[in-house]
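**Q** Handing over input-v6.tsv, TSV, C-alpha atoms.
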chain	number	residue	atom	x	y	z
I	1	MET	CA	10.18	8.25	-19.84
I	2	ASP	CA	8.59	10.16	-17.00
I	3	LEU	CA	6.01	9.97	-14.24
I	4	ARG	CA	3.71	12.51	-12.60
I	5	ILE	CA	5.00	12.81	-9.04
I	6	THR	CA	3.37	14.39	-6.00
I	7	GLU	CA	6.39	13.99	-3.73
I	8	ILE	CA	9.61	12.09	-3.11
I	9	PHE	CA	10.85	11.89	0.46
I	10	LEU	CA	12.83	9.90	3.00
I	11	SER	CA	11.08	8.76	6.16
I	12	ILE	CA	10.30	5.55	7.96
I	13	GLN	CA	7.87	2.92	6.77
I	14	GLY	CA	4.69	3.42	8.79
I	15	GLU	CA	2.74	0.29	7.86
I	16	SER	CA	3.03	-3.38	6.87
I	17	SER	CA	5.55	-5.87	8.18
I	18	HIS	CA	8.22	-3.32	7.21
I	19	ALA	CA	6.97	-0.72	9.72
I	20	GLY	CA	9.78	1.18	11.41
I	21	ARG	CA	12.34	0.65	8.65
I	22	PRO	CA	13.97	3.64	6.94
I	23	CYS	CA	12.28	3.99	3.57
I	24	SER	CA	12.32	6.27	0.52
I	25	PHE	CA	8.87	7.06	-0.86
I	26	VAL	CA	7.92	7.88	-4.44
I	27	ARG	CA	4.33	9.11	-4.31
I	28	LEU	CA	2.66	9.26	-7.71
I	29	THR	CA	-0.17	11.64	-8.58
I	30	GLY	CA	-3.69	10.51	-9.39
I	31	CYS	CA	-6.19	7.90	-8.25
I	32	PRO	CA	-9.38	6.79	-10.01
I	33	MET	CA	-10.88	5.63	-6.71
I	34	GLN	CA	-12.52	7.84	-4.08
I	35	CYS	CA	-12.35	5.92	-0.80
I	36	VAL	CA	-14.40	7.58	1.94
I	37	TRP	CA	-11.58	7.46	4.48
I	38	CYS	CA	-8.77	8.43	2.05
I	39	ASP	CA	-5.90	10.25	3.77
I	40	SER	CA	-4.04	11.28	0.62
I	41	GLU	CA	-6.56	13.29	-1.38
I	42	TYR	CA	-3.84	15.87	-2.03
I	43	THR	CA	-2.36	13.38	-4.52
I	44	PHE	CA	-5.43	13.31	-6.75
I	45	THR	CA	-4.42	16.31	-8.87
I	46	GLY	CA	-1.39	18.43	-9.62
I	47	GLY	CA	2.02	16.88	-9.26
I	48	GLU	CA	5.12	17.40	-11.40
I	49	ARG	CA	6.32	15.50	-14.42
I	50	MET	CA	9.75	14.04	-13.61
I	51	SER	CA	12.03	11.92	-15.75
I	52	PHE	CA	13.18	8.54	-14.50
I	53	ASP	CA	16.73	9.91	-14.31
I	54	ASP	CA	15.71	12.82	-12.07
I	55	ILE	CA	13.69	10.56	-9.76
I	56	LEU	CA	16.56	8.09	-9.49
I	57	LEU	CA	19.02	10.85	-8.67
I	58	ARG	CA	16.84	11.93	-5.75
I	59	LEU	CA	16.60	8.37	-4.50
I	60	ASP	CA	20.33	7.77	-4.86
I	61	ASP	CA	20.97	10.89	-2.75
I	62	PHE	CA	18.90	9.43	0.11
I	63	GLY	CA	21.15	6.37	0.30
I	64	CYS	CA	18.27	4.14	1.45
I	65	ARG	CA	17.90	0.68	-0.08
I	66	LEU	CA	14.17	0.29	0.72
I	67	ILE	CA	11.82	2.16	-1.63
I	68	GLU	CA	8.03	2.28	-1.68
I	69	VAL	CA	6.16	3.31	-4.81
I	70	THR	CA	2.77	4.60	-3.69
I	71	GLY	CA	0.08	7.15	-4.48
I	72	GLY	CA	-2.69	7.90	-5.12
I	73	GLU	CA	-2.74	4.73	-7.16
I	74	PRO	CA	0.74	4.17	-8.60
I	75	LEU	CA	-0.27	1.44	-11.06
I	76	ALA	CA	-2.67	3.82	-12.82
I	77	GLN	CA	0.32	5.38	-14.63
I	78	LYS	CA	1.54	2.98	-17.33
I	79	ASN	CA	5.15	4.20	-17.11
I	80	VAL	CA	5.37	2.96	-13.54
I	81	PHE	CA	5.96	-0.61	-14.71
I	82	PRO	CA	9.31	0.04	-16.44
I	83	PHE	CA	10.22	2.36	-13.56
I	84	ILE	CA	9.70	-0.46	-11.06
I	85	THR	CA	11.89	-2.69	-13.19
I	86	GLU	CA	14.59	-0.02	-13.22
I	87	LEU	CA	14.51	0.15	-9.42
I	88	CYS	CA	14.82	-3.63	-9.20
I	89	ASP	CA	17.69	-3.61	-11.70
I	90	ARG	CA	19.50	-1.21	-9.36
I	91	ASN	CA	19.08	-3.73	-6.53
I	92	TYR	CA	16.68	-1.66	-4.49
I	93	GLU	CA	14.22	-3.49	-2.27
I	94	VAL	CA	10.93	-2.30	-3.78
I	95	LEU	CA	7.49	-2.17	-2.18
I	96	ILE	CA	4.41	-1.40	-4.28
I	97	GLU	CA	1.41	-0.08	-2.33
I	98	THR	CA	-1.60	-0.53	-4.59
I	99	GLY	CA	-5.32	-0.06	-4.07
I	100	GLY	CA	-6.09	-3.38	-5.66
I	101	PHE	CA	-8.34	-2.35	-8.54
I	102	VAL	CA	-5.56	-2.22	-11.18
I	103	SER	CA	-4.05	-5.51	-12.31
I	104	THR	CA	-0.66	-6.32	-10.81
I	105	GLU	CA	0.19	-8.68	-13.66
I	106	GLN	CA	2.78	-6.33	-15.23
I	107	VAL	CA	4.64	-5.56	-11.98
I	108	ASP	CA	8.23	-6.80	-12.00
I	109	PRO	CA	8.27	-10.07	-10.02
I	110	ARG	CA	11.20	-8.85	-7.92
I	111	ALA	CA	9.03	-6.13	-6.34
I	112	LYS	CA	6.91	-6.82	-3.26
I	113	ILE	CA	3.20	-6.11	-3.51
I	114	ILE	CA	1.21	-4.61	-0.63
I	115	LEU	CA	-2.34	-5.07	-1.90
I	116	ASP	CA	-5.09	-2.97	-0.31
I	117	VAL	CA	-8.37	-4.89	-0.56
I	118	LYS	CA	-11.20	-2.37	-0.27
I	119	CYS	CA	-13.83	-3.11	2.38
I	120	PRO	CA	-17.47	-1.91	2.16
I	121	ALA	CA	-17.01	1.23	4.28
I	122	SER	CA	-14.51	2.54	1.73
I	123	GLY	CA	-17.34	2.90	-0.79
I	124	GLU	CA	-15.18	1.14	-3.39
I	125	ALA	CA	-15.44	-2.57	-2.52
I	126	GLU	CA	-17.21	-3.34	-5.81
I	127	ARG	CA	-14.09	-2.29	-7.73
I	128	ASN	CA	-11.65	-4.79	-6.21
I	129	HIS	CA	-9.81	-6.67	-8.96
I	130	TRP	CA	-10.05	-10.14	-7.46
I	131	PRO	CA	-7.56	-11.86	-9.81
I	132	ASN	CA	-4.83	-9.87	-8.03
I	133	LEU	CA	-5.35	-12.08	-4.99
I	134	LYS	CA	-4.52	-15.18	-7.00
I	135	ARG	CA	-1.16	-13.66	-8.01
I	136	LEU	CA	0.01	-13.12	-4.43
I	137	ARG	CA	3.21	-14.93	-3.39
I	138	PRO	CA	3.67	-16.37	0.11
I	139	ASP	CA	7.32	-15.32	0.40
I	140	LEU	CA	6.95	-11.70	-0.74
I	141	ASP	CA	3.49	-10.14	-0.84
I	142	GLU	CA	1.12	-8.71	1.76
I	143	VAL	CA	-2.60	-7.93	1.85
I	144	LYS	CA	-4.04	-4.99	3.76
I	145	PHE	CA	-7.67	-4.49	4.80
I	146	VAL	CA	-8.45	-0.95	5.99
I	147	VAL	CA	-11.38	-1.47	8.36
I	148	ALA	CA	-13.73	1.20	9.68
I	149	GLY	CA	-15.63	-1.13	12.00
I	150	LEU	CA	-16.66	-4.70	12.69
I	151	ALA	CA	-18.69	-5.00	9.46
I	152	ASP	CA	-15.49	-4.41	7.50
I	153	TRP	CA	-13.70	-6.96	9.69
I	154	GLU	CA	-16.35	-9.57	8.86
I	155	PHE	CA	-15.92	-8.78	5.17
I	156	ALA	CA	-12.14	-9.17	5.53
I	157	LYS	CA	-12.53	-12.54	7.24
I	158	ASP	CA	-14.73	-13.81	4.41
I	159	VAL	CA	-12.16	-12.73	1.80
I	160	ILE	CA	-9.29	-14.27	3.80
I	161	VAL	CA	-11.05	-17.62	3.89
I	162	LYS	CA	-12.43	-17.54	0.33
I	163	TYR	CA	-9.02	-16.80	-1.22
I	164	ASP	CA	-6.96	-18.86	1.25
I	165	LEU	CA	-4.90	-15.78	2.05
I	166	VAL	CA	-3.21	-17.25	5.13
I	167	ASP	CA	-1.27	-19.56	2.84
I	168	ARG	CA	-1.25	-17.36	-0.26
I	169	CYS	CA	0.60	-14.30	1.07
I	170	LYS	CA	3.34	-13.39	3.53
I	171	GLU	CA	1.27	-11.13	5.81
I	172	ILE	CA	-2.39	-10.22	6.28
I	173	LEU	CA	-2.68	-6.70	7.69
I	174	ILE	CA	-5.79	-5.45	9.47
I	175	SER	CA	-5.53	-1.66	9.49
I	176	PRO	CA	-8.14	0.31	11.48
I	177	VAL	CA	-9.01	3.72	10.08
I	178	HIS	CA	-7.02	6.24	12.09
I	179	GLY	CA	-9.08	7.94	14.80
I	180	ILE	CA	-11.72	5.27	15.38
I	181	ASP	CA	-12.06	3.24	18.58
I	182	MET	CA	-9.78	0.33	17.73
I	183	ARG	CA	-10.57	-1.79	20.78
I	184	PRO	CA	-13.49	-3.76	19.27
I	185	ILE	CA	-11.39	-4.60	16.22
I	186	ALA	CA	-8.38	-5.56	18.33
I	187	GLU	CA	-10.57	-7.82	20.45
I	188	ALA	CA	-12.12	-9.42	17.35
I	189	VAL	CA	-8.68	-10.01	15.82
I	190	SER	CA	-7.44	-11.60	19.04
I	191	ARG	CA	-10.35	-14.06	19.03
I	192	SER	CA	-10.28	-14.85	15.33
I	193	GLU	CA	-7.79	-17.73	15.35
I	194	LEU	CA	-6.50	-16.30	12.07
I	195	THR	CA	-2.85	-15.57	11.32
I	196	VAL	CA	-3.23	-11.82	10.82
I	197	ARG	CA	-1.48	-8.70	12.07
I	198	LEU	CA	-3.20	-5.63	13.55
I	199	ASN	CA	-1.52	-2.88	11.56
I	200	LEU	CA	-1.53	0.63	13.04
I	201	GLN	CA	-0.25	3.58	11.01
I	202	LEU	CA	2.94	4.29	12.93
I	203	HIS	CA	3.73	7.51	11.09
I	204	LYS	CA	0.47	9.11	12.23
I	205	TYR	CA	1.34	8.49	15.87
I	206	ILE	CA	4.72	10.15	15.34
I	207	TRP	CA	3.90	13.13	13.11
I	208	GLY	CA	0.13	13.45	13.35
I	209	ALA	CA	-2.75	12.51	11.10
I	210	ASP	CA	-2.68	15.59	8.86
I	211	VAL	CA	1.02	15.80	8.03
I	212	HIS	CA	1.87	15.16	4.36
I	213	GLY	CA	5.07	13.46	3.36
I	214	VAL	CA	5.04	10.50	5.74
I'd like the structure from this file rewritten - as structure tokens, please.

**A**
Amino acid sequence: MDLRITEIFLSIQGESSHAGRPCSFVRLTGCPMQCVWCDSEYTFTGGERMSFDDILLRLDDFGCRLIEVTGGEPLAQKNVFPFITELCDRNYEVLIETGGFVSTEQVDPRAKIILDVKCPASGEAERNHWPNLKRLRPDLDEVKFVVAGLADWEFAKDVIVKYDLVDRCKEILISPVHGIDMRPIAEAVSRSELTVRLNLQLHKYIWGADVHGV
């Protein structure tokens, strides 16, 4: 079996509760969504077909036990599900960064889901697959809200309460769109009395906003 791959690289994890950890990334090609603030449009087309064996050889060479499967939207390729299982069988710690509109039901339960719930400013909020939130596990999975302003923050708060996310998942990540004035959002988070984490994109502060491969 194979997957269409945009890039495979070794870096540090830039987001989530795993930020700062060395991490291997497998970035799959293609995404059916078109979020307004998307920072990985270069993954939408192109890529290279690679066999599981070739991908695994690259990852083995890195010698890093933490792997993130990302995109684009990684779950849009059906072969990703057996690939995730293969990674878990090899005792890798596996993170799945998904846009939240494809069902996570087939993901190997040993993998950790980082579920990106789309807020209104993304232009794709109507396509959230809400049953994914009910599958979250409090010891493994995380939810991320990319917010472009206070309206998105209010939307995120409503979802957090409606789906009882404080108890349903391990972390709730509030991720301001890179480049906006983050102070109003930081102040709102600090006053919210919610157990959430302001989640900056560490890699963009290190390598810059326009660098691919991080």

**Q** Distance atom CA of Ser175 of chain I-atom CA of Arg197 of chain I, one decimal place?

**A**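 Answer for the atom CA of Ser175 of chain I to atom CA of Arg197 of chain I separation: 8.5 Å.
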
**Q** Can you pull out every residue within 7 Å of His129 of chain I, counting all atoms listed in the file, but drop anything in the same chain fewer than 6 positions away, and send it as a PyMOL selection string?

**A** chain I and resi 100-103

**Q** When you count all atoms listed in the file, which of these residues is closest to Glu68 of chain I: I:Tyr42, I:Arg90, I:Gln106, I:Leu10?

**A**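 The answer is I:Leu10, which sits nearest to Glu68 of chain I.
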
**Q** Counting only C-alpha atoms, which residues of segment 111-198 of chain I fall within 12 Å of segment 79-88 of chain I, and what is the closest atom pair for each with its distance in Å at one decimal, ordered by chain and rising number, as CSV?

**A**
residue,atom,partner,partner_atom,distance
I:Ala111,CA,I:Cys88,CA,6.9
I:Lys112,CA,I:Cys88,CA,10.4
I:Ile113,CA,I:Ile84,CA,11.5

**Q** Counting all atoms listed in the file, which residue out of I:Ser190, I:Thr6, I:Thr195, I:Ser17 sits closest to Ile114 of chain I?

**A**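 Using all atoms listed in the file, Ile114 of chain I sits closest to I:Ser17.
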
**Q** In Å, with one decimal, what is the gap from atom CA of Cys169 of chain I to atom CA of Leu133 of chain I?

**A**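 Between these atoms lies a distance of 8.8 Å.
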
**Q** Which distance in Å separates atom CA of Phe44 of chain I and atom CA of Gly72 of chain I, to one decimal?

**A**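 These two atoms are separated by 6.3 Å.
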
**Q** Write a file for segment 67-88 of chain I, containing N, CA and C atoms (output as a PDB file, in the first residue's frame).

**A**
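File written: result_29.pdb
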ATOM      1  N   ILE I  67       5.857  10.613  16.332  1.00  0.00           N
ATOM      2  CA  ILE I  67       5.533  10.862  14.924  1.00  0.00           C
ATOM      3  C   ILE I  67       4.180  11.540  14.845  1.00  0.00           C
ATOM      4  N   GLU I  68       4.097  12.591  14.026  1.00  0.00           N
ATOM      5  CA  GLU I  68       2.796  13.193  13.723  1.00  0.00           C
ATOM      6  C   GLU I  68       2.454  12.941  12.273  1.00  0.00           C
ATOM      7  N   VAL I  69       1.231  12.441  12.053  1.00  0.00           N
ATOM      8  CA  VAL I  69       0.675  12.299  10.715  1.00  0.00           C
ATOM      9  C   VAL I  69      -0.262  13.486  10.501  1.00  0.00           C
ATOM     10  N   THR I  70       0.042  14.294   9.482  1.00  0.00           N
ATOM     11  CA  THR I  70      -0.662  15.557   9.304  1.00  0.00           C
ATOM     12  C   THR I  70      -0.902  15.808   7.821  1.00  0.00           C
ATOM     13  N   GLY I  71      -1.325  17.009   7.467  1.00  0.00           N
ATOM     14  CA  GLY I  71      -1.603  17.310   6.077  1.00  0.00           C
ATOM     15  C   GLY I  71      -1.476  18.799   5.824  1.00  0.00           C
ATOM     16  N   GLY I  72      -2.291  19.299   4.882  1.00  0.00           N
ATOM     17  CA  GLY I  72      -3.504  18.748   4.348  1.00  0.00           C
ATOM     18  C   GLY I  72      -4.394  18.091   5.416  1.00  0.00           C
ATOM     19  N   GLU I  73      -5.235  17.217   4.912  1.00  0.00           N
ATOM     20  CA  GLU I  73      -6.084  16.418   5.800  1.00  0.00           C
ATOM     21  C   GLU I  73      -5.688  14.954   5.668  1.00  0.00           C
ATOM     22  N   PRO I  74      -4.959  14.412   6.638  1.00  0.00           N
ATOM     23  CA  PRO I  74      -4.433  13.057   6.487  1.00  0.00           C
ATOM     24  C   PRO I  74      -5.513  11.985   6.393  1.00  0.00           C
ATOM     25  N   LEU I  75      -6.647  12.169   7.073  1.00  0.00           N
ATOM     26  CA  LEU I  75      -7.662  11.126   7.096  1.00  0.00           C
ATOM     27  C   LEU I  75      -8.468  11.059   5.804  1.00  0.00           C
ATOM     28  N   ALA I  76      -8.196  11.973   4.867  1.00  0.00           N
ATOM     29  CA  ALA I  76      -8.877  11.936   3.575  1.00  0.00           C
ATOM     30  C   ALA I  76      -8.337  10.831   2.672  1.00  0.00           C
ATOM     31  N   GLN I  77      -7.156  10.287   2.993  1.00  0.00           N
ATOM     32  CA  GLN I  77      -6.603   9.168   2.228  1.00  0.00           C
ATOM     33  C   GLN I  77      -6.911   7.876   2.985  1.00  0.00           C
ATOM     34  N   LYS I  78      -7.657   6.969   2.372  1.00  0.00           N
ATOM     35  CA  LYS I  78      -8.122   5.772   3.075  1.00  0.00           C
ATOM     36  C   LYS I  78      -6.977   4.875   3.546  1.00  0.00           C
ATOM     37  N   ASN I  79      -5.850   4.893   2.841  1.00  0.00           N
ATOM     38  CA  ASN I  79      -4.731   4.037   3.248  1.00  0.00           C
ATOM     39  C   ASN I  79      -4.043   4.526   4.510  1.00  0.00           C
ATOM     40  N   VAL I  80      -4.396   5.723   4.973  1.00  0.00           N
ATOM     41  CA  VAL I  80      -3.735   6.225   6.179  1.00  0.00           C
ATOM     42  C   VAL I  80      -4.108   5.392   7.399  1.00  0.00           C
ATOM     43  N   PHE I  81      -5.271   4.763   7.407  1.00  0.00           N
ATOM     44  CA  PHE I  81      -5.706   4.033   8.598  1.00  0.00           C
ATOM     45  C   PHE I  81      -4.831   2.799   8.861  1.00  0.00           C
ATOM     46  N   PRO I  82      -4.571   1.951   7.862  1.00  0.00           N
ATOM     47  CA  PRO I  82      -3.616   0.861   8.117  1.00  0.00           C
ATOM     48  C   PRO I  82      -2.191   1.358   8.355  1.00  0.00           C
ATOM     49  N   PHE I  83      -1.840   2.500   7.771  1.00  0.00           N
ATOM     50  CA  PHE I  83      -0.503   3.055   8.034  1.00  0.00           C
ATOM     51  C   PHE I  83      -0.363   3.467   9.492  1.00  0.00           C
ATOM     52  N   ILE I  84      -1.388   4.102  10.048  1.00  0.00           N
ATOM     53  CA  ILE I  84      -1.358   4.481  11.465  1.00  0.00           C
ATOM     54  C   ILE I  84      -1.212   3.244  12.333  1.00  0.00           C
ATOM     55  N   THR I  85      -1.942   2.204  11.995  1.00  0.00           N
ATOM     56  CA  THR I  85      -1.830   0.949  12.755  1.00  0.00           C
ATOM     57  C   THR I  85      -0.421   0.386  12.688  1.00  0.00           C
ATOM     58  N   GLU I  86       0.197   0.463  11.510  1.00  0.00           N
ATOM     59  CA  GLU I  86       1.577  -0.016  11.368  1.00  0.00           C
ATOM     60  C   GLU I  86       2.531   0.767  12.266  1.00  0.00           C
ATOM     61  N   LEU I  87       2.350   2.087  12.323  1.00  0.00           N
ATOM     62  CA  LEU I  87       3.191   2.899  13.207  1.00  0.00           C
ATOM     63  C   LEU I  87       3.001   2.482  14.665  1.00  0.00           C
ATOM     64  N   CYS I  88       1.756   2.278  15.062  1.00  0.00           N
ATOM     65  CA  CYS I  88       1.482   1.861  16.445  1.00  0.00           C
ATOM     66  C   CYS I  88       2.077   0.482  16.726  1.00  0.00           C
TER      67      CYS I  88
END
